[in-house]
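Novice: So that you have it, the file is upload_28.txt, and it contains compact mmCIF, C-alpha atoms and all ligand atoms:
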# COMPACT_ATOMS: atom_id res chain seq x y z
CA MET A 1153 80.30 135.70 35.29
CA GLU A 1154 79.64 133.44 32.33
CA ARG A 1155 77.91 130.24 33.31
CA THR A 1156 78.39 126.89 31.66
CA LEU A 1157 75.33 125.59 29.87
CA TYR A 1158 75.26 121.81 30.06
CA THR A 1159 73.18 119.27 28.19
CA ALA A 1160 71.35 116.73 30.36
CA ARG A 1161 70.37 113.56 28.52
CA LEU A 1162 67.56 111.51 30.05
CA GLU A 1163 68.95 108.03 30.63
CA ARG A 1164 66.13 106.59 32.71
CA LYS A 1165 62.72 107.68 33.88
CA GLU A 1166 60.36 105.94 36.26
CA CYS A 1167 56.94 106.91 37.49
CA ILE A 1168 57.26 106.53 41.28
CA SER A 1169 53.68 107.52 42.06
CA GLU A 1170 50.87 107.16 39.56
CA SER A 1171 48.40 108.96 41.80
CA ALA A 1172 50.67 111.98 42.31
CA GLN A 1173 52.16 111.75 38.81
CA CYS A 1174 55.64 111.90 40.28
CA TYR A 1175 58.69 110.79 38.30
CA HIS A 1176 62.25 109.82 39.09
CA PHE A 1177 64.76 110.88 36.42
CA GLU A 1178 68.39 109.96 35.81
CA PHE A 1179 70.25 112.42 33.61
CA ALA A 1180 73.74 112.19 32.11
CA VAL A 1181 75.46 115.56 31.92
CA SER A 1182 77.51 116.61 28.92
CA SER A 1183 79.10 119.80 27.70
CA ASP A 1184 79.89 120.66 24.05
CA GLY A 1185 78.90 117.15 23.01
CA ASN A 1186 81.23 115.39 25.47
CA ASN A 1187 80.22 113.68 28.69
CA VAL A 1188 81.64 115.66 31.56
CA PRO A 1189 83.77 113.17 33.51
CA ASP A 1190 82.44 114.52 36.76
CA PHE A 1191 79.70 116.98 37.60
CA PRO A 1192 80.63 118.21 41.08
CA PHE A 1193 77.95 119.34 43.48
CA THR A 1194 77.16 119.18 47.16
CA ALA A 1195 74.24 117.06 48.38
CA GLY A 1196 71.18 119.31 48.70
CA GLN A 1197 71.99 121.66 45.81
CA PHE A 1198 69.77 122.17 42.77
CA VAL A 1199 70.19 122.63 39.03
CA SER A 1200 68.31 124.97 36.72
CA LEU A 1201 66.72 123.39 33.65
CA VAL A 1202 65.98 125.46 30.58
CA ALA A 1203 63.49 124.77 27.77
CA ASN A 1204 61.19 126.69 25.45
CA ASP A 1205 57.47 126.58 26.16
CA PRO A 1206 54.92 126.06 23.35
CA SER A 1207 54.93 129.81 22.59
CA GLY A 1208 58.71 129.71 22.11
CA LYS A 1209 59.43 131.55 25.34
CA GLU A 1210 62.44 130.32 27.28
CA GLN A 1211 61.53 128.91 30.69
CA THR A 1212 63.89 128.07 33.52
CA ARG A 1213 62.99 126.05 36.62
CA ALA A 1214 65.00 124.83 39.57
CA TYR A 1215 65.11 121.14 40.53
CA SER A 1216 66.87 119.74 43.57
CA ILE A 1217 69.36 117.01 42.80
CA ALA A 1218 67.90 113.85 44.30
CA SER A 1219 71.19 111.98 44.54
CA ALA A 1220 74.54 112.47 46.21
CA ASN A 1221 77.64 112.97 44.15
CA ASN A 1222 77.72 109.45 42.72
CA SER A 1223 78.51 107.84 45.99
CA ASN A 1224 75.61 105.40 45.73
CA ARG A 1225 76.08 104.14 42.23
CA PRO A 1226 77.49 100.69 41.65
CA SER A 1227 81.06 101.23 40.55
CA ASN A 1228 80.55 99.19 37.37
CA ILE A 1229 78.29 101.79 35.76
CA ARG A 1230 79.22 105.14 34.30
CA SER A 1231 78.58 107.45 37.15
CA GLY A 1232 80.57 110.65 37.37
CA ASN A 1233 78.16 112.65 35.27
CA ILE A 1234 74.83 111.15 36.32
CA LEU A 1235 72.39 112.96 38.54
CA ASP A 1236 68.89 112.10 39.69
CA LEU A 1237 65.90 114.44 39.79
CA CYS A 1238 62.39 113.93 41.10
CA ALA A 1239 59.44 116.00 39.92
CA ASN A 1240 55.67 115.80 39.95
CA ARG A 1241 53.23 117.24 37.45
CA THR A 1242 51.70 120.45 38.74
CA GLY A 1243 48.36 121.47 37.28
CA GLY A 1244 48.67 124.00 34.49
CA GLY A 1245 52.44 124.29 34.90
CA PHE A 1246 54.74 124.04 31.88
CA PHE A 1247 58.03 122.64 33.10
CA SER A 1248 56.88 119.87 35.39
CA ASN A 1249 54.67 118.47 32.62
CA TYR A 1250 57.43 118.92 30.05
CA LEU A 1251 59.71 116.80 32.25
CA ALA A 1252 57.05 114.21 32.98
CA ASP A 1253 56.52 113.78 29.21
CA LEU A 1254 60.23 113.70 28.34
CA ALA A 1255 61.25 110.47 26.60
CA PRO A 1256 64.48 108.65 27.49
CA GLY A 1257 67.21 109.77 25.09
CA SER A 1258 65.87 113.34 24.96
CA THR A 1259 67.98 116.22 26.18
CA VAL A 1260 67.34 119.39 28.16
CA ALA A 1261 69.64 122.37 28.77
CA MET A 1262 70.90 122.80 32.31
CA HIS A 1263 73.09 125.04 34.42
CA GLY A 1264 74.26 124.88 38.01
CA PRO A 1265 74.73 123.51 40.58
CA TYR A 1266 73.40 126.20 42.88
CA GLY A 1267 72.18 126.71 46.41
CA TYR A 1268 73.08 126.75 50.07
CA PHE A 1269 70.69 124.01 51.19
CA VAL A 1270 73.53 121.75 52.29
CA LEU A 1271 74.40 119.93 55.49
CA LYS A 1272 76.31 121.99 58.03
CA GLN A 1273 79.72 120.71 59.03
CA PRO A 1274 80.49 119.11 61.38
CA ILE A 1275 77.41 116.89 61.18
CA THR A 1276 75.07 117.33 64.14
CA ASP A 1277 71.89 115.56 65.16
CA SER A 1278 69.59 116.62 62.31
CA ILE A 1279 65.91 116.64 61.51
CA LEU A 1280 65.26 116.42 57.76
CA ILE A 1281 61.71 117.62 57.17
CA SER A 1282 59.98 117.52 53.80
CA THR A 1283 56.71 117.11 51.99
CA GLY A 1284 56.04 115.98 48.42
CA THR A 1285 59.01 116.33 46.08
CA GLY A 1286 60.83 118.14 48.89
CA ILE A 1287 62.11 114.63 49.61
CA ALA A 1288 64.58 115.06 46.69
CA PRO A 1289 67.42 116.80 48.58
CA MET A 1290 66.75 114.57 51.62
CA ARG A 1291 67.50 111.54 49.45
CA ALA A 1292 70.75 113.25 48.44
CA PHE A 1293 71.59 113.91 52.11
CA ALA A 1294 70.82 110.31 53.04
CA GLN A 1295 72.97 108.97 50.19
CA TRP A 1296 75.83 111.24 51.20
CA LEU A 1297 75.60 110.36 54.89
CA PHE A 1298 75.31 106.62 54.29
CA PRO A 1299 76.96 105.72 50.95
CA GLU A 1300 75.82 102.29 49.74
CA ASN A 1301 77.99 101.74 46.68
CA GLY A 1302 81.04 103.02 44.94
CA PRO A 1303 84.40 104.00 46.36
CA ASN A 1304 82.92 105.44 49.57
CA ALA A 1305 80.67 102.48 50.36
CA SER A 1306 82.32 101.74 53.69
CA LEU A 1307 81.97 105.32 54.94
CA ASP A 1308 79.40 106.42 57.50
CA ARG A 1309 79.48 110.20 57.41
CA SER A 1310 76.73 110.55 60.02
CA GLU A 1311 79.38 110.13 62.72
CA GLY A 1312 76.78 108.39 64.86
CA LYS A 1313 74.57 111.48 65.06
CA GLU A 1314 70.81 110.95 65.14
CA ILE A 1315 69.18 111.71 61.80
CA TRP A 1316 65.38 111.91 61.65
CA CYS A 1317 63.80 112.04 58.20
CA VAL A 1318 60.24 113.26 58.72
CA TYR A 1319 58.26 113.01 55.50
CA GLY A 1320 54.72 114.19 55.01
CA THR A 1321 52.36 113.48 52.17
CA ARG A 1322 48.68 112.81 51.71
CA HIS A 1323 48.41 109.16 50.72
CA GLU A 1324 50.53 106.04 51.15
CA SER A 1325 50.96 105.82 47.37
CA GLU A 1326 52.83 109.16 47.49
CA LEU A 1327 55.64 108.07 49.78
CA TYR A 1328 58.38 108.59 47.21
CA TYR A 1329 61.50 106.40 47.62
CA ARG A 1330 59.86 104.68 50.61
CA GLU A 1331 61.71 101.36 50.14
CA GLU A 1332 65.08 103.09 49.98
CA PHE A 1333 64.49 105.03 53.18
CA GLU A 1334 63.10 101.98 54.98
CA ALA A 1335 66.13 99.94 53.93
CA LEU A 1336 68.47 102.65 55.18
CA ALA A 1337 66.64 102.87 58.51
CA ALA A 1338 66.81 99.07 58.90
CA LYS A 1339 70.57 99.18 58.36
CA HIS A 1340 71.49 102.26 60.40
CA PRO A 1341 69.98 102.52 63.91
CA ASN A 1342 70.71 106.27 64.00
CA PHE A 1343 68.68 106.93 60.83
CA HIS A 1344 64.96 107.25 61.53
CA TYR A 1345 62.46 107.32 58.67
CA ILE A 1346 59.23 108.89 59.90
CA PRO A 1347 56.54 109.07 57.23
CA THR A 1348 53.24 110.69 58.14
CA LEU A 1349 50.07 110.85 56.08
CA SER A 1350 47.51 113.64 56.19
CA ARG A 1351 44.78 111.72 54.33
CA ALA A 1352 45.54 108.12 55.13
CA GLY A 1353 43.04 105.35 54.51
CA GLU A 1354 41.88 103.09 57.36
CA GLU A 1355 44.44 100.44 56.44
CA TRP A 1356 47.38 102.74 57.24
CA THR A 1357 48.90 101.82 60.61
CA GLY A 1358 51.65 104.44 60.60
CA LEU A 1359 51.68 108.05 61.71
CA ARG A 1360 49.03 110.53 60.70
CA GLY A 1361 48.87 114.29 60.57
CA HIS A 1362 51.31 116.97 59.54
CA VAL A 1363 55.09 116.96 59.79
CA GLN A 1364 55.28 119.72 62.42
CA GLU A 1365 53.41 117.58 64.99
CA HIS A 1366 55.98 114.81 64.68
CA VAL A 1367 58.90 117.22 64.66
CA ALA A 1368 57.54 118.57 67.97
CA ARG A 1369 57.48 115.07 69.44
CA ILE A 1370 61.08 114.39 68.35
CA ILE A 1371 62.28 117.63 69.97
CA GLU A 1372 60.38 117.05 73.19
CA GLU A 1373 61.58 113.44 73.54
CA ARG A 1374 65.16 114.46 72.79
CA ALA A 1375 65.03 117.31 75.31
CA ALA A 1376 63.67 114.94 77.97
CA LYS A 1377 66.47 112.46 77.23
CA LEU A 1378 69.15 115.17 77.46
CA GLY A 1379 67.60 116.85 80.49
CA GLN A 1380 67.00 120.06 78.53
CA THR A 1381 64.24 122.47 79.47
CA LEU A 1382 62.04 123.77 76.67
CA PRO A 1383 61.88 126.42 75.41
CA LEU A 1384 65.65 126.65 75.23
CA ALA A 1385 67.32 129.74 76.69
CA PRO A 1386 67.92 132.44 74.04
CA VAL A 1387 71.35 132.46 72.43
CA ASP A 1388 73.74 135.10 73.80
CA PRO A 1389 73.37 137.99 71.31
CA THR A 1390 77.03 138.99 71.73
CA ILE A 1391 78.19 135.78 70.03
CA ARG A 1392 79.13 136.48 66.42
CA PRO A 1393 76.85 134.55 64.00
CA ALA A 1394 79.91 132.85 62.51
CA ASP A 1395 80.81 131.47 65.95
CA LEU A 1396 77.38 130.03 66.72
CA THR A 1397 77.25 126.27 66.99
CA PHE A 1398 74.31 124.06 67.81
CA ASP A 1399 73.95 120.40 68.72
CA ILE A 1400 70.98 119.95 66.39
CA ASN A 1401 69.87 121.51 63.09
CA ALA A 1402 66.73 121.24 61.00
CA TYR A 1403 66.62 121.09 57.20
CA ILE A 1404 63.22 121.81 55.71
CA CYS A 1405 62.22 121.47 52.05
CA GLY A 1406 58.90 121.86 50.26
CA LEU A 1407 56.18 124.43 49.80
CA SER A 1408 56.29 127.64 51.83
CA ASN A 1409 53.19 127.00 54.00
CA MET A 1410 54.75 123.89 55.45
CA ILE A 1411 58.12 125.59 55.93
CA THR A 1412 56.49 128.48 57.80
CA SER A 1413 54.57 126.10 60.10
CA VAL A 1414 57.67 124.08 60.94
CA ARG A 1415 59.76 127.21 61.44
CA GLU A 1416 57.15 128.61 63.87
CA LYS A 1417 57.12 125.37 65.80
CA LEU A 1418 60.92 125.26 66.08
CA THR A 1419 61.08 128.92 67.08
CA SER A 1420 58.51 128.27 69.81
CA TYR A 1421 61.00 125.78 71.32
CA GLY A 1422 63.67 128.48 71.43
CA TRP A 1423 65.50 127.36 68.31
CA HIS A 1424 67.77 129.96 66.72
CA ARG A 1425 67.16 130.99 63.10
CA LYS A 1426 70.63 129.72 62.18
CA GLN A 1427 69.58 126.22 63.19
CA ILE A 1428 66.81 126.21 60.61
CA ILE A 1429 67.93 125.73 57.00
CA ALA A 1430 65.14 125.80 54.44
CA GLU A 1431 64.58 125.37 50.69
CA ARG A 1432 61.30 126.74 49.29
CA TYR A 1433 59.85 125.33 46.10
CA ASP A 1434 57.24 128.09 45.55
C1 LIG B 1 65.37 125.65 44.68
C2 LIG B 1 64.17 124.92 44.10
C3 LIG B 1 64.23 123.55 43.95
C4 LIG B 1 63.13 122.87 43.41
N1 LIG B 1 63.19 121.51 43.32
C5 LIG B 1 62.11 120.83 42.85
C6 LIG B 1 62.14 119.40 42.79
O1 LIG B 1 63.15 118.75 43.13
N2 LIG B 1 61.04 118.77 42.30
C7 LIG B 1 59.91 119.47 41.92
O2 LIG B 1 58.95 118.82 41.49
N3 LIG B 1 59.87 120.80 41.97
C8 LIG B 1 60.94 121.50 42.41
N4 LIG B 1 60.90 122.86 42.45
C9 LIG B 1 59.75 123.55 41.83
C10 LIG B 1 60.02 123.68 40.33
O3 LIG B 1 61.05 124.63 40.11
C11 LIG B 1 58.79 124.14 39.56
O4 LIG B 1 58.28 125.29 40.16
C12 LIG B 1 57.71 123.08 39.49
O5 LIG B 1 58.17 121.93 38.78
C13 LIG B 1 56.47 123.64 38.76
O6 LIG B 1 56.89 124.15 37.52
P1 LIG B 1 55.85 124.38 36.35
O7 LIG B 1 56.53 125.17 35.27
O8 LIG B 1 55.22 123.08 35.96
O9 LIG B 1 54.71 125.22 37.01
P2 LIG B 1 54.74 126.73 37.51
O10 LIG B 1 53.91 127.51 36.54
O11 LIG B 1 56.13 127.17 37.74
O12 LIG B 1 54.04 126.57 38.94
C14 LIG B 1 52.71 126.14 39.08
C15 LIG B 1 52.33 126.15 40.59
O13 LIG B 1 52.88 124.98 41.24
C16 LIG B 1 53.46 125.33 42.49
N5 LIG B 1 54.56 124.36 42.74
C17 LIG B 1 55.87 124.52 42.49
N6 LIG B 1 56.55 123.40 42.76
C18 LIG B 1 55.65 122.50 43.18
C19 LIG B 1 55.74 121.15 43.62
N7 LIG B 1 56.92 120.51 43.63
N8 LIG B 1 54.60 120.52 44.00
C20 LIG B 1 53.40 121.16 43.95
N9 LIG B 1 53.25 122.44 43.54
C21 LIG B 1 54.36 123.10 43.17
C22 LIG B 1 53.90 126.75 42.30
O14 LIG B 1 53.90 127.44 43.54
C23 LIG B 1 52.85 127.33 41.37
O15 LIG B 1 51.77 127.84 42.12
C24 LIG B 1 61.97 123.57 43.00
C25 LIG B 1 61.94 124.97 43.14
C26 LIG B 1 63.01 125.63 43.70
C27 LIG B 1 62.94 127.12 43.85
Give the structure from this file in structure tokens form.
Specialist:
Amino acid sequence: MERTLYTARLERKECISESAQCYHFEFAVSSDGNNVPDFPFTAGQFVSLVANDPSGKEQTRAYSIASANNSNRPSNIRSGNILDLCANRTGGGFFSNYLADLAPGSTVAMHGPYGYFVLKQPITDSILISTGTGIAPMRAFAQWLFPENGPNASLDRSEGKEIWCVYGTRHESELYYREEFEALAAKHPNFHYIPTLSRAGEEWTGLRGHVQEHVARIIEERAAKLGQTLPLAPVDPTIRPADLTFDINAYICGLSNMITSVREKLTSYGWHRKQIIAERYD
């Protein structure tokens, strides 16, 4: 099938962590020289960016869309074709450095959206687990669940379900979008922002350690509250996969080591593989 090649024009770029060299990008999407009125995608999906490296070889890399489908943009700005990305420089890599050096007004080729890393419907209690730039699709989920601006501003798509956003990084200066998540948590009692640092300085009073430790605590406290025994009883193997439903799901995004550790932890509590939705960056 022929895929549409779009042009993404960098409208705004902001360094959101000097120490991690991480950038927030806002791109306007156009096709054949015209702004596309709307670029439809589902929160959690990614786009593929295409550019030639210094040797002239075409390179393609995936980047999660770090915004929901325009639901959070003030209605007075052009919005239908804008999407946010978030990327950090990786040592020796071409594309991440190409993006980090891109000047506002420049363009990059793009196709998509792609991917199945999306929230299951109906919304259940959910643990969003990420490290580093794996926060990008979590920001999109949060914006979709709790729209702040635009035509859907009065919606609360969480349906009162508990949403835990567990975010791991090394240092406090690498908590990307921290203010946004804190503001959301202050406004919505069922949204819990749980940052944890693996190399925190003495001044840090928040959580320490890796994400899987805090995910374990969430699951154990929830089970105690609901009177569940852990590990959970295995799911009846005669139930067709399409008919399986769960009262909680986990969404994990980041590098594969972290995803494997979290998956092992969840499996040890009796979680079914269908409850664990993951997006690997490497
Ligand atoms: C579905 C999907 C979505 C992605 N979304 C994002 C995103 O939103 N933001 C983002 O920054 N990257 C994202 N990535 C990773 C991205 O595609 C590139 O791999 C990354 O930017 C490095 O590209 P590069 O050309 O600079 O280096 P490469 O030569 O491709 O890779 C250099 C090394 O960096 C590792 N690496 C890849 N991604 C990261 C990362 N984010 N942090 C640290 N090390 C990394 C790779 O395993 C590799 O060992 C995503 C990858 C996938 C598959």
Novice: In Å, rounded to a single decimal, give me how far CA of Tyr1266 (chain A) is from CA of Ile1391 (chain A).
Specialist: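 About the pair CA of Ile1391 (chain A) and CA of Tyr1266 (chain A): they are 29.2 Å apart.
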Novice: Go through chain A and flag each residue having an atom no more than 7 Å from ligand LIG 1 (chain B); for those, report the closest pair of atoms plus their distance in Å to one decimal, using only C-alpha atoms and all ligand atoms, ordered by chain and rising number, as CSV.
Specialist:
residue,atom,partner,partner_atom,distance
A:Phe1198,CA,B:LIG1,C3,5.8
A:Arg1213,CA,B:LIG1,O3,4.2
A:Ala1214,CA,B:LIG1,O3,4.0
A:Tyr1215,CA,B:LIG1,N1,3.4
A:Ser1216,CA,B:LIG1,O1,3.9
A:Ile1217,CA,B:LIG1,O1,6.5
A:Ala1218,CA,B:LIG1,O1,6.9
A:Leu1237,CA,B:LIG1,O1,6.1
A:Cys1238,CA,B:LIG1,N2,5.2
A:Ala1239,CA,B:LIG1,O2,3.3
A:Asn1240,CA,B:LIG1,O2,4.7
A:Arg1241,CA,B:LIG1,O8,6.3
A:Thr1242,CA,B:LIG1,O8,5.2
A:Gly1243,CA,B:LIG1,C14,6.6
A:Gly1244,CA,B:LIG1,C14,6.5
A:Gly1245,CA,B:LIG1,O8,3.2
A:Phe1246,CA,B:LIG1,O7,4.0
A:Phe1247,CA,B:LIG1,O7,3.7
A:Ser1248,CA,B:LIG1,O8,3.7
A:Asn1249,CA,B:LIG1,O8,5.7
A:Gly1284,CA,B:LIG1,N8,6.5
A:Thr1285,CA,B:LIG1,N2,4.9
A:Gly1286,CA,B:LIG1,O1,6.2
A:Ala1288,CA,B:LIG1,O1,5.3
A:Leu1407,CA,B:LIG1,C18,6.9
A:Glu1431,CA,B:LIG1,C1,6.1
A:Arg1432,CA,B:LIG1,C27,5.7
A:Tyr1433,CA,B:LIG1,C25,3.6
A:Asp1434,CA,B:LIG1,O14,4.0
Novice: Please report, as JSON lines, each residue of region 1322-1381 of chain A lying at most 9 Å from region 1161-1181 of chain A, together with the nearest pair of atoms and the separation in Å rounded to one decimal; use only C-alpha atoms, and order rows by chain and ascending residue number.
Specialist:
{"residue": "A:His1323", "atom": "CA", "partner": "A:Ser1171", "partner_atom": "CA", "distance": 8.9}
{"residue": "A:Ser1325", "atom": "CA", "partner": "A:Ser1169", "partner_atom": "CA", "distance": 6.2}
{"residue": "A:Glu1326", "atom": "CA", "partner": "A:Ser1169", "partner_atom": "CA", "distance": 5.7}
{"residue": "A:Leu1327", "atom": "CA", "partner": "A:Ser1169", "partner_atom": "CA", "distance": 8.0}
{"residue": "A:Tyr1328", "atom": "CA", "partner": "A:Ile1168", "partner_atom": "CA", "distance": 6.4}
{"residue": "A:Tyr1329", "atom": "CA", "partner": "A:Ile1168", "partner_atom": "CA", "distance": 7.6}
Novice: Just write the chosen residues, C-alpha atoms, as a compact mmCIF listing (two decimals), keeping the file's coordinate frame.
Specialist:
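Contents of part-v9.txt, freshly written:
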# COMPACT_ATOMS: atom_id res chain seq x y z
CA HIS A 1323 48.41 109.16 50.72
CA SER A 1325 50.96 105.82 47.37
CA GLU A 1326 52.83 109.16 47.49
CA LEU A 1327 55.64 108.07 49.78
CA TYR A 1328 58.38 108.59 47.21
CA TYR A 1329 61.50 106.40 47.62
Novice: If we count all atoms listed in the file and set the cut-off at 7 Å, which residues sit around Tyr1403 (chain A), ignoring sequence neighbours fewer than 5 positions away in its own chain? Please answer as a PDB file with C-alpha atoms, in the frame of the given file.
Specialist:
ATOM      1  CA  ILE A1279      65.910 116.640  61.510  1.00  0.00           C
ATOM      2  CA  LEU A1280      65.260 116.420  57.760  1.00  0.00           C
ATOM      3  CA  ILE A1281      61.710 117.620  57.170  1.00  0.00           C
ATOM      4  CA  ILE A1428      66.810 126.210  60.610  1.00  0.00           C
ATOM      5  CA  ILE A1429      67.930 125.730  57.000  1.00  0.00           C
ATOM      6  CA  ALA A1430      65.140 125.800  54.440  1.00  0.00           C
TER       7      ALA A1430
END
Novice: May I have the residues at most 6 Å from (73.2, 111.4, 51.1) in the file's coordinates, counting only C-alpha atoms, as a list of chain:residue names?
Specialist: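 Collected hits near the coordinates: A:Ala1220, A:Arg1291, A:Ala1292, A:Phe1293, A:Ala1294, A:Gln1295, A:Trp1296, A:Leu1297.
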Novice: Can you pull out the residues contacting region 1366-1369 of chain A? Cut-off 10 Å, using all atoms listed in the file, and skip same-chain residues under 5 positions away; I want them as a count of residues only.
Specialist: 22
Novice: Write out as a ChimeraX atom specification the residues lying within 8 Å of Ile1275 (chain A), counting all atoms listed in the file and excluding same-chain residues fewer than 6 positions away.
Specialist: /A:1309-1311,1313
Novice: Could you tell me which of A:Val1270, A:Leu1157, A:Glu1210, A:Met1290 comes closest to Phe1193 (chain A) if we count all atoms listed in the file?
Specialist: A:Val1270
Novice: Mind pulling up the distance from CA of Gln1197 (chain A) to CA of Thr1419 (chain A)?
Specialist: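 Between CA of Thr1419 (chain A) and CA of Gln1197 (chain A) the gap works out to 25.0 Å.
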